[in-house]
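Shown below: upload_19.pdb, with PDB, C-alpha atoms.
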MODEL        1
ATOM      1  CA  MET A 263     125.796  84.007  87.468
ATOM      2  CA  LYS A 264     122.068  84.692  87.671
ATOM      3  CA  ILE A 265     121.573  87.867  89.724
ATOM      4  CA  GLY A 266     118.197  89.091  90.946
ATOM      5  CA  VAL A 267     117.708  92.860  91.131
ATOM      6  CA  TYR A 268     115.005  93.824  93.605
ATOM      7  CA  GLY A 269     114.348  97.526  94.071
ATOM      8  CA  GLY A 270     111.783  99.516  95.983
ATOM      9  CA  THR A 271     111.268 102.270  98.511
ATOM     10  CA  PHE A 272     111.164  99.639 101.304
ATOM     11  CA  ASN A 273     109.480 102.121 103.630
ATOM     12  CA  PRO A 274     109.767  99.859 105.570
ATOM     13  CA  ILE A 275     110.829  96.506 104.155
ATOM     14  CA  HIS A 276     108.457  93.751 105.349
ATOM     15  CA  LEU A 277     107.802  90.019 105.283
ATOM     16  CA  GLY A 278     105.882  90.314 102.023
ATOM     17  CA  HIS A 279     109.043  91.518 100.315
ATOM     18  CA  LEU A 280     111.041  88.640 101.792
ATOM     19  CA  HIS A 281     108.385  86.098 100.780
ATOM     20  CA  ILE A 282     108.490  87.243  97.156
ATOM     21  CA  LEU A 283     112.269  87.311  97.183
ATOM     22  CA  ARG A 284     112.567  83.747  98.503
ATOM     23  CA  GLU A 285     110.125  82.480  95.885
ATOM     24  CA  PHE A 286     111.905  84.189  93.015
ATOM     25  CA  ILE A 287     115.251  82.796  94.206
ATOM     26  CA  ARG A 288     113.805  79.287  94.241
ATOM     27  CA  ARG A 289     111.778  79.452  91.026
ATOM     28  CA  LEU A 290     114.388  81.230  88.898
ATOM     29  CA  ALA A 291     117.420  79.541  90.486
ATOM     30  CA  LEU A 292     118.973  82.904  91.319
ATOM     31  CA  GLU A 293     122.502  82.696  92.669
ATOM     32  CA  LYS A 294     122.658  86.186  94.179
ATOM     33  CA  VAL A 295     120.284  89.089  94.840
ATOM     34  CA  LEU A 296     120.941  92.817  94.891
ATOM     35  CA  LEU A 297     118.446  94.535  97.197
ATOM     36  CA  ILE A 298     118.266  98.177  96.106
ATOM     37  CA  PRO A 299     116.394 100.763  98.191
ATOM     38  CA  THR A 300     115.478 103.720  95.997
ATOM     39  CA  GLY A 301     116.720 107.221  96.587
ATOM     40  CA  THR A 302     114.089 109.459  94.970
ATOM     41  CA  PRO A 303     111.500 107.139  93.379
ATOM     42  CA  PRO A 304     110.213 108.381  89.987
ATOM     43  CA  HIS A 305     106.917 106.449  90.042
ATOM     44  CA  LYS A 306     105.675 107.247  93.539
ATOM     45  CA  ASN A 307     104.605 110.336  95.411
ATOM     46  CA  ALA A 308     106.477 109.555  98.597
ATOM     47  CA  PRO A 309     106.409 112.552 100.952
ATOM     48  CA  PHE A 310     106.549 110.315 104.034
ATOM     49  CA  LEU A 311     109.712 108.466 103.128
ATOM     50  CA  ALA A 312     112.001 107.543 106.002
ATOM     51  CA  ASP A 313     115.583 108.770 105.724
ATOM     52  CA  ALA A 314     117.741 106.886 103.249
ATOM     53  CA  GLU A 315     120.069 105.719 106.012
ATOM     54  CA  ASP A 316     117.174 104.230 107.995
ATOM     55  CA  ARG A 317     115.733 102.374 105.021
ATOM     56  CA  LEU A 318     119.167 101.082 104.137
ATOM     57  CA  ALA A 319     119.727  99.855 107.702
ATOM     58  CA  MET A 320     116.355  98.078 107.786
ATOM     59  CA  CYS A 321     117.106  96.393 104.445
ATOM     60  CA  CYS A 322     120.437  95.166 105.811
ATOM     61  CA  LEU A 323     118.683  93.684 108.838
ATOM     62  CA  ALA A 324     115.999  92.018 106.725
ATOM     63  CA  ALA A 325     118.541  90.640 104.239
ATOM     64  CA  ARG A 326     119.988  88.481 107.011
ATOM     65  CA  GLU A 327     116.694  86.565 107.078
ATOM     66  CA  ILE A 328     117.265  85.232 103.565
ATOM     67  CA  LYS A 329     119.249  81.987 103.552
ATOM     68  CA  GLU A 330     118.362  80.735 100.077
ATOM     69  CA  ALA A 331     121.005  82.857  98.299
ATOM     70  CA  PRO A 332     123.416  85.668  99.173
ATOM     71  CA  VAL A 333     121.621  89.016  99.412
ATOM     72  CA  GLU A 334     123.654  92.199  99.041
ATOM     73  CA  VAL A 335     122.077  95.545  99.913
ATOM     74  CA  SER A 336     123.201  98.095  97.342
ATOM     75  CA  GLU A 337     123.458 101.871  97.784
ATOM     76  CA  ILE A 338     123.668 102.404  94.026
ATOM     77  CA  GLU A 339     120.514 104.567  93.885
ATOM     78  CA  PHE A 340     120.897 106.397  97.179
ATOM     79  CA  TRP A 341     123.486 108.958  96.256
ATOM     80  CA  ARG A 342     122.475 109.546  92.651
ATOM     81  CA  LYS A 343     121.268 113.103  92.119
ATOM     82  CA  GLY A 344     117.683 113.438  90.930
ATOM     83  CA  LYS A 345     115.231 110.617  90.462
ATOM     84  CA  SER A 346     116.317 106.964  90.425
ATOM     85  CA  TYR A 347     115.492 105.438  87.058
ATOM     86  CA  THR A 348     115.655 101.686  86.595
ATOM     87  CA  ALA A 349     117.270 102.012  83.171
ATOM     88  CA  ASP A 350     120.184 103.976  84.653
ATOM     89  CA  THR A 351     120.565 101.487  87.489
ATOM     90  CA  LEU A 352     120.628  98.517  85.115
ATOM     91  CA  GLU A 353     123.280 100.187  82.961
ATOM     92  CA  ALA A 354     125.443 100.701  86.040
ATOM     93  CA  LEU A 355     124.905  97.102  87.172
ATOM     94  CA  HIS A 356     125.674  95.735  83.725
ATOM     95  CA  ALA A 357     128.988  97.581  83.840
ATOM     96  CA  LEU A 358     129.717  96.013  87.239
ATOM     97  CA  TYR A 359     128.569  92.512  86.242
ATOM     98  CA  PRO A 360     129.176  92.315  82.456
ATOM     99  CA  GLN A 361     129.301  88.507  82.343
ATOM    100  CA  ASP A 362     126.222  87.881  84.514
ATOM    101  CA  GLU A 363     122.491  87.638  83.786
ATOM    102  CA  LEU A 364     120.289  90.244  85.483
ATOM    103  CA  TYR A 365     116.734  89.428  86.556
ATOM    104  CA  LEU A 366     114.644  92.473  87.469
ATOM    105  CA  LEU A 367     112.083  91.452  90.113
ATOM    106  CA  MET A 368     108.814  93.330  90.576
ATOM    107  CA  GLY A 369     105.165  93.093  91.547
ATOM    108  CA  GLU A 370     102.009  93.216  89.477
ATOM    109  CA  ASP A 371     101.472  96.985  89.376
ATOM    110  CA  MET A 372     105.017  97.681  88.217
ATOM    111  CA  PHE A 373     104.996  94.993  85.530
ATOM    112  CA  LEU A 374     101.763  96.269  84.021
ATOM    113  CA  THR A 375     103.292  99.722  83.480
ATOM    114  CA  VAL A 376     106.966  98.927  82.863
ATOM    115  CA  ASP A 377     106.724  99.689  79.146
ATOM    116  CA  HIS A 378     105.855 103.306  80.065
ATOM    117  CA  TRP A 379     108.910 103.786  82.282
ATOM    118  CA  TYR A 380     111.930 105.861  81.335
ATOM    119  CA  ARG A 381     113.823 104.151  78.462
ATOM    120  CA  PRO A 382     111.966 100.812  78.556
ATOM    121  CA  GLU A 383     113.986  99.458  75.645
ATOM    122  CA  THR A 384     117.126  99.760  77.771
ATOM    123  CA  ILE A 385     115.461  97.881  80.616
ATOM    124  CA  PHE A 386     114.414  95.009  78.360
ATOM    125  CA  SER A 387     117.816  94.810  76.685
ATOM    126  CA  LEU A 388     119.734  94.532  79.965
ATOM    127  CA  ALA A 389     117.530  92.323  82.153
ATOM    128  CA  ALA A 390     114.855  89.691  82.174
ATOM    129  CA  VAL A 391     111.744  91.217  83.767
ATOM    130  CA  CYS A 392     110.069  89.032  86.388
ATOM    131  CA  ALA A 393     106.705  89.563  88.070
ATOM    132  CA  SER A 394     104.249  88.008  90.491
ATOM    133  CA  PRO A 395     100.534  88.785  91.035
ATOM    134  CA  ARG A 396      98.912  90.633  93.923
ATOM    135  CA  SER A 397      95.399  89.268  93.375
ATOM    136  CA  GLU A 398      93.573  86.179  92.139
ATOM    137  CA  GLU A 399      92.940  87.874  88.795
ATOM    138  CA  GLY A 400      96.457  89.205  88.559
ATOM    139  CA  PHE A 401      98.134  86.140  87.046
ATOM    140  CA  ALA A 402      95.983  86.275  83.908
ATOM    141  CA  ARG A 403      96.668  89.998  83.505
ATOM    142  CA  LEU A 404     100.386  89.441  83.912
ATOM    143  CA  MET A 405     100.460  86.655  81.335
ATOM    144  CA  GLU A 406      98.636  88.890  78.853
ATOM    145  CA  LYS A 407     101.115  91.704  79.500
ATOM    146  CA  LYS A 408     104.031  89.279  79.182
ATOM    147  CA  GLN A 409     102.923  88.360  75.668
ATOM    148  CA  GLU A 410     102.527  92.038  74.778
ATOM    149  CA  LEU A 411     106.024  92.946  76.005
ATOM    150  CA  GLU A 412     107.611  90.000  74.243
ATOM    151  CA  GLU A 413     105.925  90.838  70.940
ATOM    152  CA  LYS A 414     106.480  94.612  71.086
ATOM    153  CA  PHE A 415     109.935  94.816  72.653
ATOM    154  CA  GLY A 416     111.393  91.335  72.360
ATOM    155  CA  ALA A 417     111.488  91.344  76.148
ATOM    156  CA  ASN A 418     112.494  88.292  78.148
ATOM    157  CA  CYS A 419     109.790  87.972  80.817
ATOM    158  CA  PHE A 420     109.021  85.529  83.606
ATOM    159  CA  VAL A 421     105.650  85.503  85.365
ATOM    160  CA  GLU A 422     105.585  83.411  88.514
ATOM    161  CA  ASN A 423     102.275  82.657  90.244
ATOM    162  CA  ILE A 424     103.613  83.305  93.736
ATOM    163  CA  PRO A 425     100.933  83.253  96.469
ATOM    164  CA  TYR A 426     100.379  86.815  97.658
ATOM    165  CA  PHE A 427     101.527  87.697 101.174
ATOM    166  CA  PRO A 428      99.138  90.360 102.553
ATOM    167  CA  ALA A 429     101.457  93.062 103.845
ATOM    168  CA  SER A 430     101.946  96.676 102.835
ATOM    169  CA  SER A 431     104.302  99.385 103.982
ATOM    170  CA  THR A 432     101.400 101.848 104.199
ATOM    171  CA  GLU A 433      99.522  99.599 106.641
ATOM    172  CA  ILE A 434     102.688  99.030 108.673
ATOM    173  CA  ARG A 435     103.236 102.787 109.067
ATOM    174  CA  ARG A 436      99.629 103.140 110.196
ATOM    175  CA  LEU A 437     100.040 100.389 112.785
ATOM    176  CA  VAL A 438     103.211 101.995 114.123
ATOM    177  CA  LYS A 439     101.398 105.279 114.635
ATOM    178  CA  GLN A 440      98.667 103.404 116.516
ATOM    179  CA  GLY A 441     101.276 101.748 118.737
ATOM    180  CA  LYS A 442     100.458  98.227 117.554
ATOM    181  CA  ALA A 443     102.878  95.324 117.156
ATOM    182  CA  LEU A 444     104.237  94.333 113.748
ATOM    183  CA  SER A 445     105.368  90.788 114.539
ATOM    184  CA  GLN A 446     103.381  89.226 111.704
ATOM    185  CA  LEU A 447     104.452  91.819 109.143
ATOM    186  CA  VAL A 448     108.168  92.608 109.570
ATOM    187  CA  PRO A 449     111.210  90.727 110.859
ATOM    188  CA  GLN A 450     111.791  91.162 114.584
ATOM    189  CA  SER A 451     115.030  93.038 113.902
ATOM    190  CA  VAL A 452     113.176  95.572 111.750
ATOM    191  CA  GLN A 453     110.490  96.016 114.432
ATOM    192  CA  GLU A 454     113.223  96.731 116.969
ATOM    193  CA  TYR A 455     114.903  99.232 114.650
ATOM    194  CA  ILE A 456     111.636 101.089 114.053
ATOM    195  CA  ASP A 457     110.981 101.239 117.800
ATOM    196  CA  LYS A 458     114.519 102.280 118.701
ATOM    197  CA  HIS A 459     114.664 105.118 116.173
ATOM    198  CA  GLY A 460     111.056 106.256 116.548
ATOM    199  CA  LEU A 461     110.238 105.880 112.867
ATOM    200  CA  TYR A 462     106.755 106.539 111.461
ATOM    201  CA  LYS A 463     105.421 108.059 114.680
ATOM    202  CA  GLY A 464     104.209 111.397 113.366
ATOM    203  CA  GLU A 465     100.926 112.169 111.600
ATOM    204  CA  GLU A 466     102.854 112.668 108.383
ATOM    205  CA  SER A 467     103.683 108.952 108.357
ATOM    206  CA  LEU A 468     100.210 108.134 107.070
TER     207      LEU A 468
ENDMDL
END

Have the structure of the file written as structure tokens, please.
Amino acid sequence: MKIGVYGGTFNPIHLGHLHILREFIRRLALEKVLLIPTGTPPHKNAPFLADAEDRLAMCCLAAREIKEAPVEVSEIEFWRKGKSYTADTLEALHALYPQDELYLLMGEDMFLTVDHWYRPETIFSLAAVCASPRSEEGFARLMEKKQELEEKFGANCFVENIPYFPASSTEIRRLVKQGKALSQLVPQSVQEYIDKHGLYKGEESL
């Protein structure tokens, strides 16, 4: 089985994430996706992170919007002590799915730095690394990086020129603080969850 692995802080998850996920499912013929909210992200300074339980709940709500393939929200990184490293997560997933192919899904910024992550050789040995651009110039940069990773690490990489959906979690948190609607940026169920639980209301949310 071809399994997509899509991680992130998802603070909150938004329609841009779902757009990328749908496109990767279609283009790579993924048969299942593991949506993995991070516990303590190693690559981001994230002092304004919503509680793990809230981010998990919002991911579960958003996952219901995806009809193209089964999407399972995984808690694999939530309860791990210390920072959540992708290499460790992939080792755990490989043990759970030893006969399946793992496809690690990510955006432009992540792909361009993935060779500097913790134990990159482990990442490349356990999963195909898949990326999409966030700008008009991004596709060319990604293709150049793809060649570099393949030559240096023997990595199996897929670069898909997915049209960029202009949404960011930072902007969403700012809009929430300003009391503005998020209907064009998050699923309705996620909007309702944010409202019900009063997420991202304080000044620290920016």

message: Assuming the chain letters and numbering stay as they are in my file, what does the PyMOL selection byres ((chain A and resi 382-384) around 10) actually select? List them as an MDAnalysis selection string.
response: chainID A and resid 348:350 352:353 376:381 385:389 415:417

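Counting only C-alpha atoms, the residue from A:Val391, A:Val267, A:Val438, A:Ala443 that sits nearest to Glu422 (chain A) is A:Val391.
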
task: For region 283-296 of chain A, list every protein, DNA or RNA residue within 12 Å, evaluated using all atoms listed in the file, and leave out those in the same chain fewer than 6 positions away; present the list as a ChimeraX atom specification.
output: /A:263-270,275-277,321-322,324-325,327-339,351-352,355,359,362-369,390-394,419-427

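You can rank A:Ser346, A:Thr375, A:Thr300, A:Ser451 by their closest distance to Glu410 (chain A) using all atoms listed in the file, and at the top of that list sits A:Thr375.
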
task: Give the answer as one residue: which of A:Leu318, A:Leu374, A:Leu444, A:Ile456 has the shortest atom-to-atom distance to Met405 (chain A), using only C-alpha atoms?
output: A:Leu374

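Using all atoms listed in the file, the smallest distance between any of A:Val448, A:Pro360, A:Phe340, A:Thr271 and Leu311 (chain A) comes from A:Thr271.
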
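Atom pair CA of Arg435 (chain A) / CA of Ala319 (chain A) has a distance of 16.8 Å (rounded to one decimal).
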
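Rounded to one decimal, CA of Ala312 (chain A) and CA of Phe373 (chain A) lie 25.0 Å from each other.
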
task: Can you turn the PyMOL selection byres ((chain A and resi 397) around 9) into a concrete residue list for this file, as a VMD selection string?
output: chain A and resid 370 395 to 396 398 to 401 425 to 426

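Pairwise distance (CA of Lys407 (chain A), CA of Leu280 (chain A)) equals 24.6 Å.
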
Emit as AutoDock Vina command-line options the padded axis-aligned box for all listed atoms of region 458-461 of chain A, 5 Å per side, with centre and edge lengths in Å to one decimal.
--center_x 112.5 --center_y 104.3 --center_z 115.8 --size_x 14.4 --size_y 14.0 --size_z 15.8

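Considering the residues A:Ala429, A:Trp341, A:Leu358, A:Asp316 and counting all atoms listed in the file, Tyr462 (chain A) has its shortest atom-to-atom contact with A:Asp316.
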
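Using all atoms listed in the file, the shortest contact distance between Leu447 (chain A) and any of A:Thr432, A:Glu413, A:Gly301, A:His459 is found at A:Thr432.
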
Would you mind completing region 351-370 of chain A to N, CA and C atoms and writing the output as a PDB file, in the frame of the given file?
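Everything below was put into selection26.pdb:
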ATOM      1  N   THR A 351     120.037 102.457  86.532  1.00  0.00           N
ATOM      2  CA  THR A 351     120.565 101.487  87.489  1.00  0.00           C
ATOM      3  C   THR A 351     121.033 100.220  86.781  1.00  0.00           C
ATOM      4  N   LEU A 352     120.247  99.732  85.836  1.00  0.00           N
ATOM      5  CA  LEU A 352     120.628  98.517  85.115  1.00  0.00           C
ATOM      6  C   LEU A 352     121.887  98.732  84.278  1.00  0.00           C
ATOM      7  N   GLU A 353     122.051  99.911  83.710  1.00  0.00           N
ATOM      8  CA  GLU A 353     123.280 100.187  82.961  1.00  0.00           C
ATOM      9  C   GLU A 353     124.496 100.137  83.886  1.00  0.00           C
ATOM     10  N   ALA A 354     124.339 100.719  85.075  1.00  0.00           N
ATOM     11  CA  ALA A 354     125.443 100.701  86.040  1.00  0.00           C
ATOM     12  C   ALA A 354     125.747  99.279  86.500  1.00  0.00           C
ATOM     13  N   LEU A 355     124.708  98.483  86.729  1.00  0.00           N
ATOM     14  CA  LEU A 355     124.905  97.102  87.172  1.00  0.00           C
ATOM     15  C   LEU A 355     125.519  96.247  86.070  1.00  0.00           C
ATOM     16  N   HIS A 356     125.108  96.499  84.843  1.00  0.00           N
ATOM     17  CA  HIS A 356     125.674  95.735  83.725  1.00  0.00           C
ATOM     18  C   HIS A 356     127.172  96.013  83.595  1.00  0.00           C
ATOM     19  N   ALA A 357     127.562  97.248  83.879  1.00  0.00           N
ATOM     20  CA  ALA A 357     128.988  97.581  83.840  1.00  0.00           C
ATOM     21  C   ALA A 357     129.748  96.873  84.965  1.00  0.00           C
ATOM     22  N   LEU A 358     129.087  96.691  86.106  1.00  0.00           N
ATOM     23  CA  LEU A 358     129.717  96.013  87.239  1.00  0.00           C
ATOM     24  C   LEU A 358     129.737  94.497  87.066  1.00  0.00           C
ATOM     25  N   TYR A 359     128.705  93.967  86.399  1.00  0.00           N
ATOM     26  CA  TYR A 359     128.569  92.512  86.242  1.00  0.00           C
ATOM     27  C   TYR A 359     128.373  92.171  84.757  1.00  0.00           C
ATOM     28  N   PRO A 360     129.361  92.462  83.913  1.00  0.00           N
ATOM     29  CA  PRO A 360     129.176  92.315  82.456  1.00  0.00           C
ATOM     30  C   PRO A 360     128.954  90.882  81.993  1.00  0.00           C
ATOM     31  N   GLN A 361     129.416  89.900  82.761  1.00  0.00           N
ATOM     32  CA  GLN A 361     129.301  88.507  82.343  1.00  0.00           C
ATOM     33  C   GLN A 361     128.081  87.802  82.947  1.00  0.00           C
ATOM     34  N   ASP A 362     127.319  88.508  83.786  1.00  0.00           N
ATOM     35  CA  ASP A 362     126.222  87.881  84.514  1.00  0.00           C
ATOM     36  C   ASP A 362     124.859  88.223  83.908  1.00  0.00           C
ATOM     37  N   GLU A 363     123.860  87.409  84.241  1.00  0.00           N
ATOM     38  CA  GLU A 363     122.491  87.638  83.786  1.00  0.00           C
ATOM     39  C   GLU A 363     121.728  88.366  84.880  1.00  0.00           C
ATOM     40  N   LEU A 364     121.057  89.458  84.517  1.00  0.00           N
ATOM     41  CA  LEU A 364     120.289  90.244  85.483  1.00  0.00           C
ATOM     42  C   LEU A 364     118.798  89.920  85.348  1.00  0.00           C
ATOM     43  N   TYR A 365     118.164  89.721  86.496  1.00  0.00           N
ATOM     44  CA  TYR A 365     116.734  89.428  86.556  1.00  0.00           C
ATOM     45  C   TYR A 365     116.072  90.507  87.413  1.00  0.00           C
ATOM     46  N   LEU A 366     115.293  91.366  86.779  1.00  0.00           N
ATOM     47  CA  LEU A 366     114.644  92.473  87.469  1.00  0.00           C
ATOM     48  C   LEU A 366     113.328  91.977  88.073  1.00  0.00           C
ATOM     49  N   LEU A 367     113.241  92.001  89.398  1.00  0.00           N
ATOM     50  CA  LEU A 367     112.083  91.452  90.113  1.00  0.00           C
ATOM     51  C   LEU A 367     111.114  92.563  90.474  1.00  0.00           C
ATOM     52  N   MET A 368     109.814  92.304  90.269  1.00  0.00           N
ATOM     53  CA  MET A 368     108.814  93.330  90.576  1.00  0.00           C
ATOM     54  C   MET A 368     107.448  92.702  90.797  1.00  0.00           C
ATOM     55  N   GLY A 369     106.533  93.531  91.308  1.00  0.00           N
ATOM     56  CA  GLY A 369     105.165  93.093  91.547  1.00  0.00           C
ATOM     57  C   GLY A 369     104.258  93.406  90.364  1.00  0.00           C
ATOM     58  N   GLU A 370     102.995  93.103  90.552  1.00  0.00           N
ATOM     59  CA  GLU A 370     102.009  93.216  89.477  1.00  0.00           C
ATOM     60  C   GLU A 370     101.884  94.636  88.933  1.00  0.00           C
TER      61      GLU A 370
END
